[in-house]
$ cat data29.txt   # compact mmCIF, C-alpha atoms and all ligand atoms
# COMPACT_ATOMS: atom_id res chain seq x y z
CA MET W 25 122.04 112.87 104.65
CA ILE W 26 119.98 115.51 102.93
CA ILE W 27 120.71 115.81 99.24
CA SER W 28 120.23 119.19 97.61
CA ARG W 29 117.04 119.16 95.61
CA ARG W 30 118.54 121.69 93.23
CA LYS W 31 121.47 119.36 92.61
CA PHE W 32 119.00 116.55 92.00
CA LEU W 33 116.97 118.59 89.53
CA ALA W 34 120.12 119.76 87.76
CA ARG W 35 121.24 116.16 87.44
CA THR W 36 118.06 114.59 86.23
CA ALA W 37 115.83 117.17 84.68
CA ILE W 38 115.27 120.66 83.40
CA VAL W 39 112.37 122.84 84.33
CA THR W 40 111.01 124.25 81.09
CA ALA W 41 109.59 127.74 80.66
CA THR W 42 106.10 126.34 81.22
CA GLY W 43 107.19 124.71 84.44
CA THR W 44 107.03 121.15 83.12
CA VAL W 45 109.82 118.90 84.31
CA ALA W 46 111.48 117.14 81.40
CA ARG W 47 114.05 114.39 81.65
CA LEU W 48 117.47 115.51 80.49
CA SER W 49 120.11 113.02 81.50
CA ALA W 50 120.46 109.60 83.03
CA ALA W 51 119.16 109.24 86.57
CA PRO W 52 121.60 108.41 89.37
CA ASN W 53 122.38 104.75 89.80
CA PRO W 54 119.81 103.08 92.01
CA SER W 55 121.31 102.61 95.44
CA THR W 56 118.62 100.19 96.54
CA GLU W 57 119.21 97.00 94.64
CA GLU W 58 117.25 94.73 96.94
CA ARG W 59 113.81 94.05 95.64
CA TYR W 60 111.05 92.79 97.86
CA LYS W 61 107.83 91.67 96.31
CA PRO W 62 105.32 91.32 97.88
CA LEU W 63 106.14 93.81 100.58
CA VAL W 64 104.66 95.90 103.37
CA ILE W 65 106.41 98.88 104.93
CA SER W 66 105.29 101.26 107.66
CA THR W 67 106.37 104.01 110.03
CA TRP W 68 107.16 104.14 113.75
CA PRO W 69 107.44 101.25 116.24
CA PHE W 70 103.64 100.78 116.28
CA GLY W 71 103.91 99.95 112.56
CA LYS W 72 105.24 96.51 113.47
CA ALA W 73 101.79 95.30 114.57
CA ALA W 74 100.36 96.74 111.35
CA ASN W 75 103.01 95.00 109.23
CA ASP W 76 102.37 91.64 110.93
CA VAL W 77 98.72 91.76 109.91
CA ALA W 78 99.25 93.35 106.50
CA ILE W 79 101.80 90.77 105.34
CA LYS W 80 99.46 87.94 106.37
CA VAL W 81 96.70 89.47 104.28
CA ILE W 82 99.03 89.60 101.27
CA GLU W 83 100.22 86.05 101.85
CA GLU W 84 96.63 84.89 101.88
CA GLY W 85 96.47 86.20 98.32
CA ARG W 86 94.26 89.17 99.17
CA SER W 87 94.61 92.68 97.82
CA PRO W 88 97.22 95.22 99.00
CA LEU W 89 94.25 97.48 99.67
CA ASP W 90 92.95 94.97 102.26
CA ALA W 91 96.48 94.77 103.67
CA VAL W 92 96.65 98.55 104.14
CA GLU W 93 93.21 98.81 105.70
CA GLU W 94 93.60 95.85 108.04
CA GLY W 95 97.17 96.75 109.02
CA ILE W 96 96.28 100.34 109.88
CA SER W 97 93.14 99.19 111.70
CA VAL W 98 95.26 97.32 114.23
CA VAL W 99 97.01 100.53 115.22
CA GLU W 100 93.76 102.52 115.26
CA ALA W 101 92.22 99.95 117.61
CA ASP W 102 95.02 100.27 120.16
CA ARG W 103 93.65 102.77 122.66
CA SER W 104 97.05 103.07 124.32
CA ASN W 105 98.45 104.62 121.13
CA PRO W 106 98.90 108.35 121.81
CA SER W 107 98.68 109.59 118.22
CA VAL W 108 96.43 107.25 116.20
CA GLY W 109 92.77 106.35 116.70
CA LEU W 110 90.34 107.34 119.42
CA GLY W 111 93.01 107.00 122.11
CA GLY W 112 94.93 109.79 120.35
CA ARG W 113 95.63 113.27 121.60
CA PRO W 114 92.73 115.73 121.64
CA ASN W 115 92.53 119.16 120.03
CA SER W 116 92.31 122.46 121.91
CA ALA W 117 88.63 121.82 122.63
CA SER W 118 89.45 118.40 124.15
CA GLU W 119 87.92 116.57 121.18
CA VAL W 120 89.73 113.77 119.34
CA GLN W 121 89.44 114.48 115.60
CA LEU W 122 90.90 111.88 113.29
CA ASP W 123 92.35 112.12 109.77
CA ALA W 124 93.01 109.24 107.37
CA CYS W 125 93.42 108.55 103.70
CA ILE W 126 93.78 105.47 101.54
CA MET W 127 94.79 105.08 97.94
CA PHE W 128 94.78 102.19 95.49
CA GLY W 129 97.33 102.49 92.70
CA PRO W 130 95.34 100.91 89.88
CA GLY W 131 92.99 103.63 88.66
CA HIS W 132 94.36 106.18 91.13
CA LYS W 133 91.45 105.56 93.47
CA GLY W 134 91.47 107.55 96.68
CA GLY W 135 89.32 108.09 99.75
CA SER W 136 89.78 110.18 102.87
CA VAL W 137 88.26 111.60 106.02
CA GLY W 138 89.19 114.72 107.96
CA ALA W 139 88.33 115.81 111.50
CA LEU W 140 86.24 112.68 112.04
CA GLU W 141 84.94 112.26 115.60
CA GLY W 142 83.73 109.19 117.47
CA ILE W 143 84.51 106.50 114.91
CA ALA W 144 87.20 103.95 115.68
CA HIS W 145 88.41 103.21 112.16
CA PRO W 146 88.82 106.28 109.97
CA ILE W 147 90.87 104.25 107.47
CA SER W 148 87.85 102.00 106.82
CA VAL W 149 85.54 104.99 106.44
CA ALA W 150 88.03 106.46 103.94
CA ARG W 151 87.98 103.22 101.97
CA ARG W 152 84.18 103.14 102.00
CA ILE W 153 84.07 106.71 100.64
CA MET W 154 86.46 105.66 97.89
CA GLU W 155 84.44 102.59 97.00
CA ILE W 156 80.82 103.61 97.19
CA THR W 157 80.61 107.38 96.69
CA PRO W 158 81.57 109.60 93.76
CA HIS W 159 83.70 111.62 96.22
CA VAL W 160 87.23 111.40 97.54
CA MET W 161 86.93 113.21 100.88
CA LEU W 162 84.35 113.79 103.61
CA VAL W 163 85.02 115.85 106.72
CA GLY W 164 83.60 116.58 110.15
CA GLU W 165 79.92 115.97 110.81
CA GLY W 166 79.28 114.86 107.22
CA ALA W 167 81.95 112.18 107.52
CA HIS W 168 80.53 111.13 110.90
CA GLN W 169 76.98 110.81 109.55
CA PHE W 170 78.22 108.89 106.51
CA ALA W 171 80.09 106.48 108.79
CA LEU W 172 77.03 105.90 110.99
CA ALA W 173 74.83 105.33 107.94
CA GLN W 174 77.36 102.77 106.74
CA GLY W 175 77.15 100.84 109.96
CA PHE W 176 80.31 102.04 111.69
CA GLY W 177 79.54 102.25 115.40
CA ALA W 178 79.82 105.46 117.38
CA GLU W 179 82.44 105.22 120.12
CA ALA W 180 83.68 107.57 122.80
CA PRO W 181 87.27 108.73 122.54
CA GLY W 182 89.85 108.17 125.25
CA LYS W 183 92.35 105.67 126.55
CA SER W 184 91.47 102.07 127.44
CA GLY W 185 89.62 102.00 130.74
CA SER W 186 88.95 105.75 130.72
CA LYS W 187 85.55 107.25 129.98
CA THR W 188 86.85 110.70 129.10
CA PRO W 189 89.52 111.88 126.66
CA GLN W 190 92.93 112.45 128.19
CA SER W 191 93.73 116.07 128.91
CA LYS W 192 95.17 117.91 125.94
CA SER W 193 98.92 118.08 125.61
CA ALA W 194 100.62 121.44 125.57
CA ASP W 195 103.30 119.99 123.30
CA SER W 196 102.27 120.62 119.73
CA LYS W 197 105.24 118.50 118.57
CA ASN W 198 103.48 115.48 120.00
CA HIS W 199 102.17 113.72 116.93
CA ASP W 200 102.84 110.66 114.76
CA THR W 201 101.07 108.84 111.97
CA ILE W 202 100.75 105.21 111.00
CA ALA W 203 101.74 105.30 107.33
CA LEU W 204 101.66 101.97 105.50
CA LEU W 205 102.40 100.90 101.92
CA ALA W 206 101.68 97.45 100.49
CA LEU W 207 102.94 96.03 97.22
CA GLY W 208 101.19 92.93 95.92
CA ARG W 209 102.80 90.04 94.07
CA ASP W 210 101.28 91.38 90.87
CA GLY W 211 102.84 94.82 91.35
CA THR W 212 99.70 96.64 92.49
CA ILE W 213 100.33 99.20 95.21
CA ALA W 214 98.12 100.57 97.96
CA GLY W 215 98.95 103.10 100.63
CA GLY W 216 97.31 104.74 103.57
CA CYS W 217 97.81 106.72 106.74
CA SER W 218 95.85 107.50 109.88
CA THR W 219 96.40 109.88 112.80
CA SER W 220 94.81 111.99 115.49
CA GLY W 221 97.09 114.73 114.18
CA LEU W 222 98.70 117.58 115.95
CA ALA W 223 98.01 117.63 119.70
CA GLY W 224 96.13 120.76 120.76
CA LYS W 225 95.24 121.68 117.14
CA LEU W 226 92.36 124.05 116.46
CA PRO W 227 89.02 122.27 116.12
CA GLY W 228 88.47 121.49 112.43
CA ARG W 229 92.16 121.48 111.58
CA VAL W 230 92.81 118.91 108.87
CA GLY W 231 96.36 117.70 108.28
CA ASP W 232 98.21 116.01 105.46
CA SER W 233 97.04 112.56 106.53
CA ALA W 234 93.57 113.31 105.22
CA LEU W 235 94.82 114.60 101.88
CA VAL W 236 95.50 112.31 98.94
CA GLY W 237 98.76 113.52 97.40
CA CYS W 238 100.07 115.01 100.64
CA GLY W 239 100.00 112.24 103.27
CA THR W 240 99.81 109.33 100.83
CA TYR W 241 99.92 108.66 97.11
CA ALA W 242 99.94 105.41 95.13
CA ASP W 243 100.36 104.81 91.43
CA SER W 244 101.00 101.22 90.40
CA THR W 245 103.05 102.26 87.36
CA LEU W 246 105.48 104.13 89.61
CA GLY W 247 105.19 103.38 93.31
CA GLY W 248 103.73 104.54 96.58
CA VAL W 249 104.65 107.15 99.17
CA SER W 250 103.34 107.78 102.66
CA CYS W 251 104.40 110.52 105.07
CA THR W 252 104.59 111.52 108.72
CA GLY W 253 105.58 114.83 110.29
CA ASP W 254 104.45 118.46 110.36
CA GLY W 255 101.16 118.30 108.51
CA GLU W 256 101.13 121.92 107.45
CA ALA W 257 104.61 121.64 105.95
CA ILE W 258 103.72 118.40 104.16
CA ILE W 259 100.61 120.04 102.69
CA ARG W 260 102.55 123.11 101.55
CA VAL W 261 104.77 120.97 99.32
CA VAL W 262 102.24 118.20 98.42
CA LEU W 263 104.91 115.84 99.63
CA ALA W 264 103.72 112.36 98.66
CA ARG W 265 102.93 113.24 95.06
CA ARG W 266 106.11 115.29 94.67
CA ALA W 267 108.19 112.40 96.00
CA LEU W 268 106.69 110.15 93.33
CA GLU W 269 107.74 112.66 90.67
CA TYR W 270 111.29 112.45 92.03
CA LEU W 271 111.03 108.67 91.91
CA LYS W 272 109.97 108.87 88.29
CA GLU W 273 112.97 111.03 87.45
CA ALA W 274 115.63 109.27 89.52
CA ASP W 275 114.37 105.66 89.41
CA ASP W 276 115.72 105.28 92.93
CA PRO W 277 113.29 105.18 95.89
CA ASP W 278 115.84 106.03 98.55
CA TYR W 279 117.22 108.95 96.59
CA ALA W 280 113.70 110.22 95.88
CA ALA W 281 112.88 110.04 99.60
CA LYS W 282 115.96 112.05 100.54
CA VAL W 283 115.29 114.73 97.95
CA ALA W 284 111.66 114.93 99.10
CA VAL W 285 112.74 115.48 102.71
CA ASP W 286 115.01 118.25 101.49
CA LEU W 287 111.96 119.82 99.83
CA LEU W 288 109.95 119.46 103.06
CA VAL W 289 112.61 121.27 105.06
CA GLU W 290 113.51 123.93 102.47
CA GLU W 291 110.13 124.86 101.03
CA GLY W 292 107.72 123.34 103.51
CA ARG W 293 109.60 124.81 106.48
CA GLY W 294 108.87 121.77 108.63
CA GLU W 295 110.13 118.41 109.80
CA GLY W 296 109.09 114.89 108.97
CA GLY W 297 109.79 111.79 106.98
CA LEU W 298 108.40 109.46 104.36
CA ILE W 299 108.48 105.90 103.09
CA VAL W 300 108.67 105.01 99.40
CA VAL W 301 108.23 101.77 97.48
CA ASP W 302 108.52 101.40 93.74
CA TRP W 303 106.57 99.00 91.55
CA ARG W 304 109.57 96.65 91.42
CA GLY W 305 109.73 96.31 95.19
CA ARG W 306 112.64 98.58 95.98
CA ILE W 307 112.20 100.70 99.07
CA GLY W 308 113.42 104.02 100.38
CA SER W 309 112.90 106.24 103.38
CA ALA W 310 114.22 109.49 104.75
CA HIS W 311 113.51 111.85 107.62
CA SER W 312 114.69 115.17 108.94
CA THR W 313 113.62 114.30 112.48
CA ALA W 314 116.19 112.69 114.79
CA LEU W 315 114.62 109.26 114.38
CA MET W 316 111.87 107.72 112.28
CA PRO W 317 111.83 103.96 112.70
CA VAL W 318 110.66 102.22 109.52
CA GLY W 319 109.86 98.51 109.43
CA TRP W 320 109.27 96.31 106.41
CA MET W 321 108.31 92.70 105.87
CA SER W 322 108.31 90.41 102.90
CA PRO W 323 108.13 86.63 102.51
CA THR W 324 111.54 86.97 100.82
CA LEU W 325 113.01 88.22 104.12
CA SER W 326 113.77 85.73 106.87
CA GLU W 327 112.75 88.28 109.53
CA PRO W 328 111.24 91.76 109.73
CA ALA W 329 113.70 94.52 108.82
CA LEU W 330 114.00 97.83 110.59
CA SER W 331 115.79 101.08 109.90
CA PHE W 332 116.01 104.31 111.89
N1 LIG Z 401 101.24 114.46 109.81
C1 LIG Z 401 100.39 114.38 110.97
C2 LIG Z 401 99.60 115.64 111.11
O1 LIG Z 401 100.15 116.71 110.95
C3 LIG Z 401 101.12 114.10 112.24
C4 LIG Z 401 102.37 113.25 112.16
O2 LIG Z 401 102.54 112.46 111.26
O3 LIG Z 401 103.23 113.35 113.03
O4 LIG Z 401 98.44 115.57 111.41
$ encode --input "data29.txt" --output "C-alpha cells"
Amino acid sequence: MIISRRKFLARTAIVTATGTVARLSAAPNPSTEERYKPLVISTWPFGKAANDVAIKVIEEGRSPLDAVEEGISVVEADRSNPSVGLGGRPNSASEVQLDACIMFGPGHKGGSVGALEGIAHPISVARRIMEITPHVMLVGEGAHQFALAQGFGAEAPGKSGSKTPQSKSADSKNHDTIALLALGRDGTIAGGCSTSGLAGKLPGRVGDSALVGCGTYADSTLGGVSCTGDGEAIIRVVLARRALEYLKEADDPDYAAKVAVDLLVEEGRGEGGLIVVDWRGRIGSAHSTALMPVGWMSPTLSEPALSF
C-alpha cells in the first residue's frame, strides 16, 4: 500500500516558512514491533548469499562495515549475476561501468565510485576511498587508477567462461542493485549498494548507487536506508536521506519506507524500492515495483526471513 506523503506530513510535521520540517504531533504507532539486533537485510534473491556472509561477519564480532563490504562482495564476484559486478549488463558502448557506495553510521563516513571499469569489487574501492582519502567519491578513469594504485587487480568484464562482455540489452528496465544494511550489536549501522546500473545507459552515466544520500545512507543515531530502482528518479528525490527524515518523524521504519516510495513515484516519477533499519533493530521495506524480495537474518531468528 502506498501511503500519501502529504497525509504523513500533515500527521507528523509542519513545513515552516523556511522549509524546515518541525515535529508537530505524535508519530503514528510503530507497526514493526519486532526488533532484531544484530541484523543484516538486503534486496533481491541474490541478497541471500550476501546475508549469509554478512551475518557471519557480525557473529564473529566484526564491524557492520566489514559485514556490508564482504556481503556485497559475494554478489559482485558472481559473474552469472546480470546486474551487479563485472558480469553485469553493459552500457550503450558495450562497456560494463559499475557504481557502488558504502556508508558507516558513526561519523557519517561515506565512500563511493561511479562508472568504474575493470575492477571486480567496486564496494571495496568505495570503502578504501572513504578510509584513506579526504574525498567521498571518485569516478571513471580516476577511480580506476586509484583502484590499481591500491592493489585492486584489473579484470575483464563479462560472464564466467566468456572473454567478451555480453551483448547489450535493449531493455532499459533490466537493472537491479544489491543493497545491504547491517546493524551491529552495539547499534552501529553500515549500509552499501553495488550495481552495473541501467542496461544500455550512456557511457559515463552514474546512478543513485554511487551517490551517498541517494542509493544509501546510514546514521547510527537514526538508522540506515538502501535503495534499488530507477536511478534517475531516486537521485531526483535524494531517496535514502529523505527516507531517514521520515523515519525520524514517524519512528516507524515500515511507515517511513512506504512514504518514501510514495515520494519516489510522485516526485521522482520512477519505480523502485528501499530497505530501512532503525538503530533499535526494527526493519521496514516498500516498493512500487510488482515484487522486490527482501531477506533479513539475525541470530535472534531461527531461520532467514523473506518478504516480497
Ligand atoms: N538503481 C540502479 C541504477 O539506476 C539500478 C537498480 O537498482 O535497479 O543504476
$ residues_near_ligand --input "data29.txt" --ligand "ligand LIG 401 (chain Z)" --cutoff "6 Å" --atoms "all atoms listed in the file" --output "VMD selection string"
chain W and resid 199 to 201 221 to 222 231 to 233 252 to 255
$ atom_distance --input "data29.txt" --atom1 "atom CA of Ala214 of chain W" --atom2 "atom CA of Thr67 of chain W"
15.0 Å
$ atom_distance --input "data29.txt" --atom1 "atom CA of Leu140 of chain W" --atom2 "atom CA of Pro158 of chain W"
19.1 Å
$ residues_near_point --input "data29.txt" --point "(107.4, 89.7, 103.1)" --cutoff "10 Å" --atoms "all atoms listed in the file" --output "list in words"
Tyr60, Lys61, Pro62, Leu63, Val64, Ile65, Asn75, Asp76, Ala78, Ile79, Lys80, Ile82, Glu83, Ala206, Leu207, Trp320, Met321, Ser322, Pro323, Thr324, Leu325, Ser326, Glu327, Pro328 and Ala329 of chain W
$ atom_distance --input "data29.txt" --atom1 "atom CA of Asp286 of chain W" --atom2 "atom CA of Ala203 of chain W"
19.4 Å
$ closest_residue --input "data29.txt" --among "W:Gly292, W:Pro114, W:Pro69, W:Gly215" --to "Tyr241 of chain W" --atoms "all atoms listed in the file"
W:Gly215
$ residues_around --input "data29.txt" --residues "segment 124-134 of chain W" --least-positions-apart "4" --cutoff "7 Å" --atoms "all atoms listed in the file" --output "PyMOL selection string"
chain W and resi 89+138+146-147+150-151+154+160+212-219+233-236+241-244
$ write_last_selection --input "data29.txt" --atoms "C-alpha atoms" --output "mmCIF file, keeping the file's coordinate frame"
data_model
loop_
_atom_site.group_PDB
_atom_site.id
_atom_site.type_symbol
_atom_site.label_atom_id
_atom_site.label_comp_id
_atom_site.auth_asym_id
_atom_site.auth_seq_id
_atom_site.Cartn_x
_atom_site.Cartn_y
_atom_site.Cartn_z
ATOM 1 C CA LEU W 89 94.250 97.480 99.670
ATOM 2 C CA GLY W 138 89.190 114.720 107.960
ATOM 3 C CA PRO W 146 88.820 106.280 109.970
ATOM 4 C CA ILE W 147 90.870 104.250 107.470
ATOM 5 C CA ALA W 150 88.030 106.460 103.940
ATOM 6 C CA ARG W 151 87.980 103.220 101.970
ATOM 7 C CA MET W 154 86.460 105.660 97.890
ATOM 8 C CA VAL W 160 87.230 111.400 97.540
ATOM 9 C CA THR W 212 99.700 96.640 92.490
ATOM 10 C CA ILE W 213 100.330 99.200 95.210
ATOM 11 C CA ALA W 214 98.120 100.570 97.960
ATOM 12 C CA GLY W 215 98.950 103.100 100.630
ATOM 13 C CA GLY W 216 97.310 104.740 103.570
ATOM 14 C CA CYS W 217 97.810 106.720 106.740
ATOM 15 C CA SER W 218 95.850 107.500 109.880
ATOM 16 C CA THR W 219 96.400 109.880 112.800
ATOM 17 C CA SER W 233 97.040 112.560 106.530
ATOM 18 C CA ALA W 234 93.570 113.310 105.220
ATOM 19 C CA LEU W 235 94.820 114.600 101.880
ATOM 20 C CA VAL W 236 95.500 112.310 98.940
ATOM 21 C CA TYR W 241 99.920 108.660 97.110
ATOM 22 C CA ALA W 242 99.940 105.410 95.130
ATOM 23 C CA ASP W 243 100.360 104.810 91.430
ATOM 24 C CA SER W 244 101.000 101.220 90.400
#
$ residues_around --input "data29.txt" --residues "segment 259-276 of chain W" --least-positions-apart "2" --cutoff "6 Å" --atoms "only C-alpha atoms" --output "list in words"
Ala51, Pro54, Asp232, Gly237, Cys238, Gly239, Thr240, Tyr241, Val249, Glu256, Ala257, Asp278, Tyr279, Ala280, Ala284 and Gly292 of chain W
$ closest_residue --input "data29.txt" --among "W:Glu119, W:Asp302, W:Glu94, W:Glu165" --to "Lys225 of chain W" --atoms "all atoms listed in the file"
W:Glu119
$ closest_residue --input "data29.txt" --among "W:Leu122, W:Ala310, W:Ala101, W:Ala144" --to "Arg229 of chain W" --atoms "all atoms listed in the file"
W:Leu122
$ closest_residue --input "data29.txt" --among "W:Glu295, W:Trp303, W:Phe332, W:Ile96" --to "Leu315 of chain W" --atoms "only C-alpha atoms"
W:Phe332
$ closest_residue --input "data29.txt" --among "W:Asp210, W:Val99, W:Gly85, W:Asp90" --to "Ala73 of chain W" --atoms "only C-alpha atoms"
W:Val99
$ decode --input "data29.txt" --residues "segment 162-241 of chain W" --atoms "C-alpha atoms" --output "mmCIF file, in the first residue's frame"
data_model
loop_
_atom_site.group_PDB
_atom_site.id
_atom_site.type_symbol
_atom_site.label_atom_id
_atom_site.label_comp_id
_atom_site.auth_asym_id
_atom_site.auth_seq_id
_atom_site.Cartn_x
_atom_site.Cartn_y
_atom_site.Cartn_z
ATOM 1 C CA LEU W 162 35.859 9.027 -7.399
ATOM 2 C CA VAL W 163 34.585 8.309 -10.899
ATOM 3 C CA GLY W 164 35.681 6.848 -14.209
ATOM 4 C CA GLU W 165 39.363 6.721 -15.058
ATOM 5 C CA GLY W 166 40.359 8.433 -11.802
ATOM 6 C CA ALA W 167 38.564 5.756 -9.794
ATOM 7 C CA HIS W 168 40.165 3.047 -11.939
ATOM 8 C CA GLN W 169 43.682 4.434 -11.447
ATOM 9 C CA PHE W 170 43.089 4.816 -7.709
ATOM 10 C CA ALA W 171 41.951 1.190 -7.512
ATOM 11 C CA LEU W 172 45.010 -0.061 -9.407
ATOM 12 C CA ALA W 173 47.334 2.002 -7.210
ATOM 13 C CA GLN W 174 45.665 0.439 -4.181
ATOM 14 C CA GLY W 175 46.362 -3.052 -5.413
ATOM 15 C CA PHE W 176 42.957 -3.970 -6.827
ATOM 16 C CA GLY W 177 43.581 -6.130 -9.891
ATOM 17 C CA ALA W 178 42.360 -5.184 -13.348
ATOM 18 C CA GLU W 179 39.870 -7.707 -14.716
ATOM 19 C CA ALA W 180 37.970 -8.050 -17.957
ATOM 20 C CA PRO W 181 34.199 -7.777 -17.775
ATOM 21 C CA GLY W 182 31.848 -10.500 -18.922
ATOM 22 C CA LYS W 183 30.146 -13.669 -17.818
ATOM 23 C CA SER W 184 32.002 -16.668 -16.379
ATOM 24 C CA GLY W 185 33.739 -18.536 -19.173
ATOM 25 C CA SER W 186 33.312 -15.692 -21.666
ATOM 26 C CA LYS W 187 36.151 -13.424 -22.750
ATOM 27 C CA THR W 188 33.928 -10.617 -24.008
ATOM 28 C CA PRO W 189 31.074 -8.697 -22.392
ATOM 29 C CA GLN W 190 27.623 -9.989 -23.210
ATOM 30 C CA SER W 191 25.805 -8.027 -25.880
ATOM 31 C CA LYS W 192 23.952 -5.025 -24.530
ATOM 32 C CA SER W 193 20.317 -5.449 -23.630
ATOM 33 C CA ALA W 194 17.724 -3.350 -25.385
ATOM 34 C CA ASP W 195 15.612 -3.433 -22.235
ATOM 35 C CA SER W 196 16.473 -0.397 -20.164
ATOM 36 C CA LYS W 197 14.257 -1.758 -17.359
ATOM 37 C CA ASN W 198 16.784 -4.523 -16.879
ATOM 38 C CA HIS W 199 18.597 -3.488 -13.724
ATOM 39 C CA ASP W 200 18.855 -4.389 -10.041
ATOM 40 C CA THR W 201 21.120 -3.486 -7.152
ATOM 41 C CA ILE W 202 22.479 -5.389 -4.195
ATOM 42 C CA ALA W 203 21.571 -3.098 -1.310
ATOM 43 C CA LEU W 204 22.623 -4.255 2.149
ATOM 44 C CA LEU W 205 22.288 -2.809 5.649
ATOM 45 C CA ALA W 206 23.981 -4.198 8.757
ATOM 46 C CA LEU W 207 23.235 -3.307 12.359
ATOM 47 C CA GLY W 208 25.822 -4.313 14.931
ATOM 48 C CA ARG W 209 25.139 -5.496 18.470
ATOM 49 C CA ASP W 210 26.259 -2.096 19.711
ATOM 50 C CA GLY W 211 23.777 -0.258 17.486
ATOM 51 C CA THR W 212 26.245 0.935 14.853
ATOM 52 C CA ILE W 213 24.861 0.840 11.332
ATOM 53 C CA ALA W 214 26.541 0.453 7.960
ATOM 54 C CA GLY W 215 24.982 0.343 4.530
ATOM 55 C CA GLY W 216 26.031 -0.105 0.961
ATOM 56 C CA CYS W 217 24.937 -0.874 -2.559
ATOM 57 C CA SER W 218 26.539 -2.003 -5.799
ATOM 58 C CA THR W 219 25.282 -2.339 -9.368
ATOM 59 C CA SER W 220 26.163 -2.278 -13.043
ATOM 60 C CA GLY W 221 23.215 0.097 -13.336
ATOM 61 C CA LEU W 222 20.832 0.642 -16.139
ATOM 62 C CA ALA W 223 21.412 -1.666 -19.114
ATOM 63 C CA GLY W 224 22.306 0.268 -22.259
ATOM 64 C CA LYS W 225 22.951 3.508 -20.316
ATOM 65 C CA LEU W 226 25.043 6.258 -21.884
ATOM 66 C CA PRO W 227 28.760 5.883 -21.182
ATOM 67 C CA GLY W 228 29.571 7.879 -18.036
ATOM 68 C CA ARG W 229 26.050 7.682 -16.652
ATOM 69 C CA VAL W 230 26.208 7.500 -12.868
ATOM 70 C CA GLY W 231 23.165 6.296 -10.944
ATOM 71 C CA ASP W 232 21.916 6.576 -7.394
ATOM 72 C CA SER W 233 24.006 3.620 -6.253
ATOM 73 C CA ALA W 234 27.146 5.737 -6.441
ATOM 74 C CA LEU W 235 25.627 8.623 -4.509
ATOM 75 C CA VAL W 236 25.683 8.791 -0.731
ATOM 76 C CA GLY W 237 22.240 10.023 0.315
ATOM 77 C CA CYS W 238 20.508 8.673 -2.785
ATOM 78 C CA GLY W 239 21.323 4.948 -3.015
ATOM 79 C CA THR W 240 22.371 4.512 0.612
ATOM 80 C CA TYR W 241 22.516 6.476 3.847
#
